[in-house]
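A short write-up of the structure that comes next.
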Amino acid sequence: MTTTTSASRWYVPTAAPRRRPRLSEGARSERRLAALLCAPAVIVMLAVTAYPISYAVYLSLERFDLRFPALRGFAGLTNYVAVLTSAYWWHAFVVTLLITVVSVAIELVIGMALALAMHRTLLARGLVRTVVLIPYGIVTVVAAYSWQFAWTPDKGYLAALLPSGTAPLTGQVSAIGLIVLAEVWKTTPFMALLLLAGLALVPEDLLKAAQVDGAGPWQRLTKVILPLMKPAILVALLFRTLDAFRVFDNIYILTGGSNGTGSVSMLGYDNLFRAFNLGIGSAISVLIFVAVALIAFVFIKLFGAAAPGSDPERRR
Amino acid sequence: MRKRRGRLVRVPVLVVGAMLATVALVACGSAGPGPVVLNFYIPADGAPQYAQAAADCSRASGGRYTIQTTLLPKSADDQRLQLARRLVAGDPALDVMALDVTWPPEFAEAGWIRPFPDDVAAQVRQGTLAGPYDTGTYRGRLYAAPLNTNTELLWYRKDLVPDPPRTWDEMIRMADGLAARGLPHYIEVQGAQYEGLTVWFNTLLSSAGGSIVSENGDVALARGDAARRAVTVIHDLATSPAADPSLSVSKEDDGRLAMEAGQAAFEVNYPFVYASMYTQSEGVGKGSFIDAQGRPTSQDTGRRVGDVFGWTAYPEIEAGKPARVTIGGLDLAVSTSSRHPAEAFVAAQCLRDEPNQLRNAVDAGVPPTLAALYDNPSFQRKYPEWRAIRAALQTASVRPKTPAYQSISTVISDHLNPPAQIAPDTVVGQLTQAVRQAVNSQGLVP
């Protein structure tokens, strides 16, 4: 590891940690190796995330409509003003929040039940877990198409169960309900899987001790299992909330955003890829990014959700 | 250590080298000797006919060019998106493309398509119907040559409605009467939140003497009371028993299916419904069976919807003033990124010549743009409704010729959907405001 410095300087930034205590030669070269090993990943991340994100931020400050190349120019915050004063944005925002809150709440309850069932299954454990996971394994767009056909009057088997003449995908409330249903059906297994991992952390001894102390099944769930599972539940909620807020595929297929069912991602798509208005569309994308960052912030700082891998005990 | 580092560096170099070599090979691919390769981008509908035309034209060029067809998606939005993406990136492998009639102003303003040279434009004008020719022009120049056109007619059930209605009001009254007697009575029309709804509105508006934007691009919705009359018709239909419960999600194909199933008495739609009614596979052709009163039945009564299927001119707003139906169809354009524009313009002309347009009309069911074909007996034989179509094309209206048409269409269909909830007195003001923003590419589209 004690290579000549002239070659290694090529890889490592020369700004040596001056304020920190001097490291031993071995520790320094170990750091150097660490930086070296990280470098490809960091470069790739910069290329595929940092660059597009900063380009989107830059575009959001420009008046840039592909159809009017002559009008391109710096526009300051006008795109943000246009978005934030638009009734379309706030309508889509409320719809998105509604879908997020309702679907994540339902998923948590059903996911918990499924996780408990999977955890307790003694017979054919693998089969049960596989069956539960099937919806998650189906491509969202494919599943969304099958929902769409199922709810189309005269064609679908689910629409046939309704009184004739009702077209559930055409009403705002019923269509949002069906979007939530499709989301729940699709992602509950994911929730269940994360919760199952948390359930495995609950020591069996503790449950037995609680049982000996006279705690019933409900008390064991609420007083022992859930408190111990809190970190896992918060991570599951965080992941699903971030995901649900960006809901796109189900809406795109089921209603195309008509009848006031569009989410913020649909709005961004329509402005970018239908109107070719890169400035406004980028502003919407940046605002979605900010909203998602806020959600993550709230979960981590206020509820104390720990991102996987940031467990302080494992940190070095 | 040094050795190992050397290998680490060498691998990326090799990868980059291989990539560069591939790029070079691809770039060389189209520049070899022999006929020039022209890439022709075609929509999925009617693709077999366009591919046939491409093969015929390649053969007829005598080795000057060969046309390779590339299939675009089925939905118009996806076609436009793919073309725009390639054009923005300056894709040289895109020579001739079939554009929806609403796109030429947008593509021309963005600098994606070339204007036709004057001599070629003059040849295109020769013998082409005026309405379709107009769709390809922008700011006085021809940017796209009309390949085929399309226009809507009123299709109706001759058993239920012996005398077809002339106006929308009359049709709604007739449908109400049929509903009261418990007979099939729906009026099928495009009410979903998509471009079809804008087309319906544009046709009603033009028929009432109005327009969305004026010749010089100003928003003209608020002039006169044409817009209010147009939205009133939409609202009246949507709130009457004549409306299909699925009106707010109904597109062309939903209307066709409702008519073939025997549930509808009227259908405002394109001529493909005629071909569909009579050319379905054995046993299911000509739609559902109907009983003596005209209700659909599953019993073999020997009488089907197809036996009582008629057509007439598009309903008017004002009795005696022919409707000005919005023109559809496809235009052929040559991209600015093409390396062989001269050959591309020649090929575009060949692709829309008489034999090819006749084949598109007969096999794919899209009306031609060459006036001469409407007098061709073999076309008339395959196209019994040719008279109604030609008449409709003579009074046709063109959609607003502005680069912002897509945004205008989106905001209009947003404001008019669901049709039953339109407030005719206030919606025109909101529409005017929203369209004005869209024309200037300000604000959001829903």
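Residues in the structure tokens are named by chain (A, B, ... in the order shown) and by number from 1 within that chain; ligands are numbered from 1 in the order shown.
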
With a cut-off of 9 Å and counting only C-alpha atoms, select all residues of chain A in contact with chain B and give the selection as an mmCIF file with C-alpha atoms, in the first residue's frame.
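What follows is the written file selection-v5.cif:
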data_model
loop_
_atom_site.group_PDB
_atom_site.id
_atom_site.type_symbol
_atom_site.label_atom_id
_atom_site.label_comp_id
_atom_site.auth_asym_id
_atom_site.auth_seq_id
_atom_site.Cartn_x
_atom_site.Cartn_y
_atom_site.Cartn_z
ATOM 1 C CA MET A 1 0.000 0.000 0.000
ATOM 2 C CA THR A 3 3.011 3.358 -3.275
ATOM 3 C CA ALA A 7 0.891 8.312 -9.048
ATOM 4 C CA ASP A 65 -41.084 26.112 -25.213
ATOM 5 C CA LEU A 66 -39.924 23.724 -27.927
ATOM 6 C CA ARG A 67 -42.566 25.092 -30.269
ATOM 7 C CA PHE A 68 -41.315 28.658 -29.917
ATOM 8 C CA PRO A 69 -37.529 28.364 -30.027
ATOM 9 C CA ALA A 70 -37.229 32.073 -30.827
ATOM 10 C CA ASN A 79 -42.463 29.713 -14.230
ATOM 11 C CA ALA A 82 -47.242 30.520 -13.085
ATOM 12 C CA VAL A 83 -47.355 27.068 -11.502
ATOM 13 C CA SER A 86 -52.457 27.964 -11.267
ATOM 14 C CA TYR A 88 -54.508 23.149 -12.085
ATOM 15 C CA TRP A 89 -51.456 22.753 -9.867
ATOM 16 C CA ALA A 92 -53.562 18.154 -8.814
ATOM 17 C CA PRO A 153 -69.011 -0.954 -18.941
ATOM 18 C CA GLY A 165 -75.209 2.198 -17.123
ATOM 19 C CA THR A 166 -72.675 3.135 -14.451
ATOM 20 C CA ALA A 167 -69.210 3.931 -15.697
ATOM 21 C CA LEU A 169 -64.028 5.513 -14.261
ATOM 22 C CA THR A 170 -65.939 8.577 -15.445
ATOM 23 C CA GLY A 171 -66.802 10.130 -12.089
ATOM 24 C CA THR A 255 -58.313 7.803 -16.523
ATOM 25 C CA GLY A 256 -55.555 9.671 -18.338
ATOM 26 C CA GLY A 257 -56.104 12.372 -15.725
ATOM 27 C CA SER A 258 -59.568 13.267 -17.009
ATOM 28 C CA ASN A 259 -62.468 14.255 -14.777
ATOM 29 C CA GLY A 260 -60.124 15.922 -12.321
ATOM 30 C CA GLY A 262 -54.689 13.964 -12.444
ATOM 31 C CA MET A 266 -49.467 13.731 -14.593
ATOM 32 C CA LEU A 267 -49.489 17.530 -14.695
ATOM 33 C CA ASP A 270 -48.626 16.862 -19.731
ATOM 34 C CA ASN A 271 -46.737 20.140 -19.648
ATOM 35 C CA PHE A 273 -44.477 16.009 -23.221
ATOM 36 C CA ARG A 274 -47.796 17.241 -24.535
ATOM 37 C CA ALA A 275 -47.310 20.988 -24.412
ATOM 38 C CA PHE A 276 -43.513 20.735 -24.983
ATOM 39 C CA ASN A 277 -43.142 23.552 -22.458
ATOM 40 C CA ILE A 280 -43.090 25.203 -16.934
ATOM 41 C CA GLY A 281 -42.709 21.425 -16.943
#

**Message:** Residues within 8 Å of segment 320-335 of chain B, please, as a PyMOL selection string. Count only C-alpha atoms; anything in the same chain fewer than 4 positions from it doesn't count.
**Reply:** chain B and resi 87+94-101+104+112-114+131-132+135-136+143-152+199-200+202-204+206-207+314-316+341+344-345+348+366+392-393+395-399

**Request:** Just the residues within 12 Å of Thr232 of chain B, please, counting only C-alpha atoms, with nothing from its chain fewer than 6 positions along; format it as an MDAnalysis selection string.
**Result:** chainID B and resid 168:169 201 204:205 208 225:226 238:239 317 416 419:428

Residues from the last selection, N, CA and C atoms, saved as a tab-separated table (two decimals), in the first residue's frame:
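Dumped to out.tsv:
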chain	number	residue	atom	x	y	z
B	168	TRP	N	-78.88	19.93	-34.81
B	168	TRP	CA	-78.62	19.31	-33.51
B	168	TRP	C	-79.89	19.33	-32.66
B	169	ASP	N	-80.59	20.46	-32.63
B	169	ASP	CA	-81.79	20.56	-31.80
B	169	ASP	C	-82.81	19.51	-32.21
B	201	PHE	N	-66.27	20.65	-30.62
B	201	PHE	CA	-66.50	22.06	-30.31
B	201	PHE	C	-66.15	22.95	-31.50
B	204	LEU	N	-68.84	22.76	-34.16
B	204	LEU	CA	-70.04	23.50	-33.77
B	204	LEU	C	-69.79	25.00	-33.86
B	205	LEU	N	-68.61	25.41	-33.39
B	205	LEU	CA	-68.26	26.84	-33.39
B	205	LEU	C	-68.19	27.38	-34.81
B	208	ALA	N	-71.51	27.70	-36.39
B	208	ALA	CA	-72.25	28.86	-35.90
B	208	ALA	C	-71.61	30.17	-36.36
B	225	ASP	N	-71.82	35.50	-30.66
B	225	ASP	CA	-72.31	34.53	-29.69
B	225	ASP	C	-72.15	33.09	-30.18
B	226	ALA	N	-71.24	32.89	-31.20
B	226	ALA	CA	-71.06	31.55	-31.76
B	226	ALA	C	-70.58	30.56	-30.69
B	238	ALA	N	-75.71	16.74	-23.53
B	238	ALA	CA	-75.19	15.98	-22.40
B	238	ALA	C	-76.21	15.84	-21.28
B	239	THR	N	-77.14	16.82	-21.16
B	239	THR	CA	-78.09	16.75	-20.06
B	239	THR	C	-79.44	16.19	-20.51
B	317	ILE	N	-76.12	23.74	-37.03
B	317	ILE	CA	-76.51	24.50	-35.85
B	317	ILE	C	-77.75	25.30	-36.18
B	416	LEU	N	-64.47	21.72	-21.24
B	416	LEU	CA	-65.77	21.22	-21.70
B	416	LEU	C	-66.06	19.81	-21.20
B	419	PRO	N	-69.13	17.06	-20.17
B	419	PRO	CA	-70.03	17.94	-20.91
B	419	PRO	C	-71.29	18.29	-20.13
B	420	ALA	N	-71.76	17.39	-19.27
B	420	ALA	CA	-73.00	17.66	-18.55
B	420	ALA	C	-72.84	18.78	-17.54
B	421	GLN	N	-71.60	19.08	-17.16
B	421	GLN	CA	-71.40	20.08	-16.11
B	421	GLN	C	-70.96	21.44	-16.65
B	422	ILE	N	-71.08	21.62	-17.96
B	422	ILE	CA	-70.73	22.93	-18.53
B	422	ILE	C	-71.77	23.96	-18.08
B	423	ALA	N	-71.29	25.14	-17.73
B	423	ALA	CA	-72.22	26.25	-17.50
B	423	ALA	C	-72.11	27.17	-18.71
B	424	PRO	N	-73.05	27.06	-19.67
B	424	PRO	CA	-72.90	27.76	-20.95
B	424	PRO	C	-72.70	29.27	-20.80
B	425	ASP	N	-73.20	29.86	-19.72
B	425	ASP	CA	-73.12	31.31	-19.60
B	425	ASP	C	-71.73	31.79	-19.17
B	426	THR	N	-71.01	30.97	-18.41
B	426	THR	CA	-69.73	31.43	-17.89
B	426	THR	C	-68.53	30.77	-18.56
B	427	VAL	N	-68.75	29.62	-19.20
B	427	VAL	CA	-67.60	28.86	-19.67
B	427	VAL	C	-66.87	29.57	-20.82
B	428	VAL	N	-67.60	30.37	-21.62
B	428	VAL	CA	-66.96	31.01	-22.76
B	428	VAL	C	-65.88	31.99	-22.30

**Message:** Report as a list in words all protein, DNA and RNA residues lying within 9 Å of segment 138-146 of chain A, evaluated on only C-alpha atoms, omitting residues in the same chain fewer than 6 positions from it.
**Reply:**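 Neighbouring residues, sequence-local ones excluded: Gly156, Ile179, Ala182, Glu183, Lys186, Asp249, Asn250, Ile251, Tyr252, Ile253 and Leu254 of chain A.
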
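Note that atom CA of Ala192 of chain A and atom CA of Ala115 of chain A are 4.9 Å apart.
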
**Message:** Neighbouring residues of segment 236-244 of chain A were defined as those with any atom within 8 Å, considering only C-alpha atoms; residues of the same chain fewer than 2 positions away were excluded. Please report them as a list in words.
**Reply:**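 Counting only the stated atoms, we get Ile99, Thr100, Val101, Ser103, Val104, Leu108, Met191, Leu194, Leu195, Ala232, Ile233, Leu234, Arg246, Val247, Val292, Ile295, Ala296, Phe299 and Ala305 of chain A.
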
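For Gly76 of chain A, the non-local neighbours within 9 Å, defined as residues at least 6 positions apart in the same chain or in other chains and counting only C-alpha atoms, are Ser60, Leu61, Glu62 and Arg63 of chain A.
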
**Prompt:** For Arg64 of chain B, which residue among B:Glu343, B:Glu354, B:Asp119, B:Asp163 is the nearest when counting only C-alpha atoms?
**Reply:** B:Glu343

DSSP strand (DSSP E or B) residues within segment 101-323 of chain B, as a PDB file with C-alpha atoms, in the first residue's frame:
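As written to disk, selection-v7.pdb reads:
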ATOM      1  CA  ILE B 113     -39.835  20.538 -41.102  1.00  0.00           C
ATOM      2  CA  THR B 128     -55.745  18.621 -54.370  1.00  0.00           C
ATOM      3  CA  THR B 137     -49.833  25.504 -45.139  1.00  0.00           C
ATOM      4  CA  TYR B 138     -48.434  27.848 -42.532  1.00  0.00           C
ATOM      5  CA  ARG B 141     -45.995  28.394 -47.443  1.00  0.00           C
ATOM      6  CA  LEU B 142     -46.661  24.689 -47.923  1.00  0.00           C
ATOM      7  CA  ALA B 145     -48.562  17.690 -48.499  1.00  0.00           C
ATOM      8  CA  PRO B 146     -51.971  16.186 -47.700  1.00  0.00           C
ATOM      9  CA  LEU B 147     -51.901  12.383 -47.863  1.00  0.00           C
ATOM     10  CA  ASN B 148     -55.456  11.696 -46.845  1.00  0.00           C
ATOM     11  CA  THR B 149     -58.274  13.537 -45.199  1.00  0.00           C
ATOM     12  CA  ASN B 150     -61.139  12.742 -42.950  1.00  0.00           C
ATOM     13  CA  LEU B 153     -70.851  12.396 -41.048  1.00  0.00           C
ATOM     14  CA  LEU B 154     -74.058  11.671 -39.195  1.00  0.00           C
ATOM     15  CA  TRP B 155     -74.788   7.942 -39.133  1.00  0.00           C
ATOM     16  CA  TYR B 156     -78.239   6.872 -38.042  1.00  0.00           C
ATOM     17  CA  ARG B 157     -80.716   4.018 -37.818  1.00  0.00           C
ATOM     18  CA  THR B 167     -79.948  20.197 -36.953  1.00  0.00           C
ATOM     19  CA  TYR B 186     -78.388   7.395 -27.720  1.00  0.00           C
ATOM     20  CA  ILE B 187     -76.549  10.042 -29.738  1.00  0.00           C
ATOM     21  CA  GLU B 188     -72.942   8.870 -29.911  1.00  0.00           C
ATOM     22  CA  VAL B 213     -58.308  31.962 -33.388  1.00  0.00           C
ATOM     23  CA  VAL B 219     -58.113  34.561 -29.941  1.00  0.00           C
ATOM     24  CA  ALA B 243     -76.674  11.236 -23.970  1.00  0.00           C
ATOM     25  CA  ALA B 264     -77.558   4.037 -30.363  1.00  0.00           C
ATOM     26  CA  ALA B 265     -79.892   5.727 -32.807  1.00  0.00           C
ATOM     27  CA  PHE B 266     -77.391   8.366 -33.977  1.00  0.00           C
ATOM     28  CA  GLU B 267     -73.647   8.498 -34.281  1.00  0.00           C
ATOM     29  CA  VAL B 268     -71.445  11.404 -35.305  1.00  0.00           C
ATOM     30  CA  ASN B 269     -68.315   9.750 -36.584  1.00  0.00           C
ATOM     31  CA  PHE B 289     -79.565  -8.534 -34.269  1.00  0.00           C
ATOM     32  CA  ILE B 290     -82.558  -6.241 -33.748  1.00  0.00           C
ATOM     33  CA  PRO B 296     -81.057  -5.113 -29.838  1.00  0.00           C
ATOM     34  CA  THR B 297     -81.615  -8.799 -29.178  1.00  0.00           C
ATOM     35  CA  ARG B 304     -79.213  -6.661 -38.065  1.00  0.00           C
ATOM     36  CA  PHE B 309     -77.632   1.762 -41.179  1.00  0.00           C
ATOM     37  CA  GLY B 310     -77.742   5.079 -43.024  1.00  0.00           C
ATOM     38  CA  TRP B 311     -75.726   8.252 -43.316  1.00  0.00           C
ATOM     39  CA  THR B 312     -76.347  11.909 -44.018  1.00  0.00           C
ATOM     40  CA  GLU B 316     -76.299  21.913 -38.582  1.00  0.00           C
TER      41      GLU B 316
END

**Fill in**
From atom CA of Ile389 of chain B to atom CA of Gln357 of chain B the spacing works out at 15.4 Å

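The gap separating atom CA of Pro367 of chain B from atom CA of Lys401 of chain B is 21.6 Å, in Å to one decimal.
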
**Request:** Would you please extract all helix (DSSP H, G or I) residues from segment 234-303 of chain A, as assigned by DSSP on the backbone, and give them as number ranges by chain?
**Result:** A: 234-245, 249-254, 264-274, 278-302

Go ahead and write the selection's residues with C-alpha atoms as an mmCIF file, in the first residue's frame.
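Done, and the output landed in out23.cif:
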data_model
loop_
_atom_site.group_PDB
_atom_site.id
_atom_site.type_symbol
_atom_site.label_atom_id
_atom_site.label_comp_id
_atom_site.auth_asym_id
_atom_site.auth_seq_id
_atom_site.Cartn_x
_atom_site.Cartn_y
_atom_site.Cartn_z
ATOM 1 C CA LEU A 234 -41.774 4.361 9.745
ATOM 2 C CA VAL A 235 -39.415 3.210 7.018
ATOM 3 C CA ALA A 236 -42.261 1.406 5.267
ATOM 4 C CA LEU A 237 -44.482 4.483 5.554
ATOM 5 C CA LEU A 238 -41.707 6.758 4.327
ATOM 6 C CA PHE A 239 -40.987 4.633 1.259
ATOM 7 C CA ARG A 240 -44.614 4.206 0.358
ATOM 8 C CA THR A 241 -45.471 7.873 0.920
ATOM 9 C CA LEU A 242 -42.625 8.999 -1.327
ATOM 10 C CA ASP A 243 -43.744 6.480 -3.929
ATOM 11 C CA ALA A 244 -47.430 7.278 -3.663
ATOM 12 C CA PHE A 245 -46.844 11.000 -3.993
ATOM 13 C CA ASP A 249 -48.830 4.876 -14.168
ATOM 14 C CA ASN A 250 -52.182 3.904 -12.684
ATOM 15 C CA ILE A 251 -53.711 7.308 -13.383
ATOM 16 C CA TYR A 252 -52.191 7.477 -16.857
ATOM 17 C CA ILE A 253 -53.834 4.190 -17.844
ATOM 18 C CA LEU A 254 -57.054 4.281 -15.840
ATOM 19 C CA VAL A 264 -48.885 16.346 -9.933
ATOM 20 C CA SER A 265 -46.764 13.900 -11.917
ATOM 21 C CA MET A 266 -49.467 13.731 -14.593
ATOM 22 C CA LEU A 267 -49.489 17.530 -14.695
ATOM 23 C CA GLY A 268 -45.729 17.597 -15.119
ATOM 24 C CA TYR A 269 -45.895 15.003 -17.878
ATOM 25 C CA ASP A 270 -48.626 16.862 -19.731
ATOM 26 C CA ASN A 271 -46.737 20.140 -19.648
ATOM 27 C CA LEU A 272 -43.436 18.579 -20.666
ATOM 28 C CA PHE A 273 -44.477 16.009 -23.221
ATOM 29 C CA ARG A 274 -47.796 17.241 -24.535
ATOM 30 C CA LEU A 278 -39.828 22.651 -20.873
ATOM 31 C CA GLY A 279 -39.716 25.706 -18.589
ATOM 32 C CA ILE A 280 -43.090 25.203 -16.934
ATOM 33 C CA GLY A 281 -42.709 21.425 -16.943
ATOM 34 C CA SER A 282 -39.320 21.621 -15.248
ATOM 35 C CA ALA A 283 -40.714 23.999 -12.641
ATOM 36 C CA ILE A 284 -43.426 21.441 -11.871
ATOM 37 C CA SER A 285 -40.814 18.676 -11.639
ATOM 38 C CA VAL A 286 -38.692 20.743 -9.269
ATOM 39 C CA LEU A 287 -41.723 21.479 -7.103
ATOM 40 C CA ILE A 288 -42.532 17.748 -6.948
ATOM 41 C CA PHE A 289 -38.931 17.143 -5.932
ATOM 42 C CA VAL A 290 -39.245 19.753 -3.188
ATOM 43 C CA ALA A 291 -42.495 18.204 -1.979
ATOM 44 C CA VAL A 292 -40.920 14.751 -1.846
ATOM 45 C CA ALA A 293 -37.895 16.151 -0.002
ATOM 46 C CA LEU A 294 -40.256 17.809 2.506
ATOM 47 C CA ILE A 295 -42.068 14.531 3.095
ATOM 48 C CA ALA A 296 -38.773 12.749 3.710
ATOM 49 C CA PHE A 297 -37.662 15.567 6.031
ATOM 50 C CA VAL A 298 -40.871 15.401 8.045
ATOM 51 C CA PHE A 299 -40.612 11.639 8.410
ATOM 52 C CA ILE A 300 -36.966 11.624 9.410
ATOM 53 C CA LYS A 301 -36.816 14.709 11.636
ATOM 54 C CA LEU A 302 -40.276 14.753 13.172
#
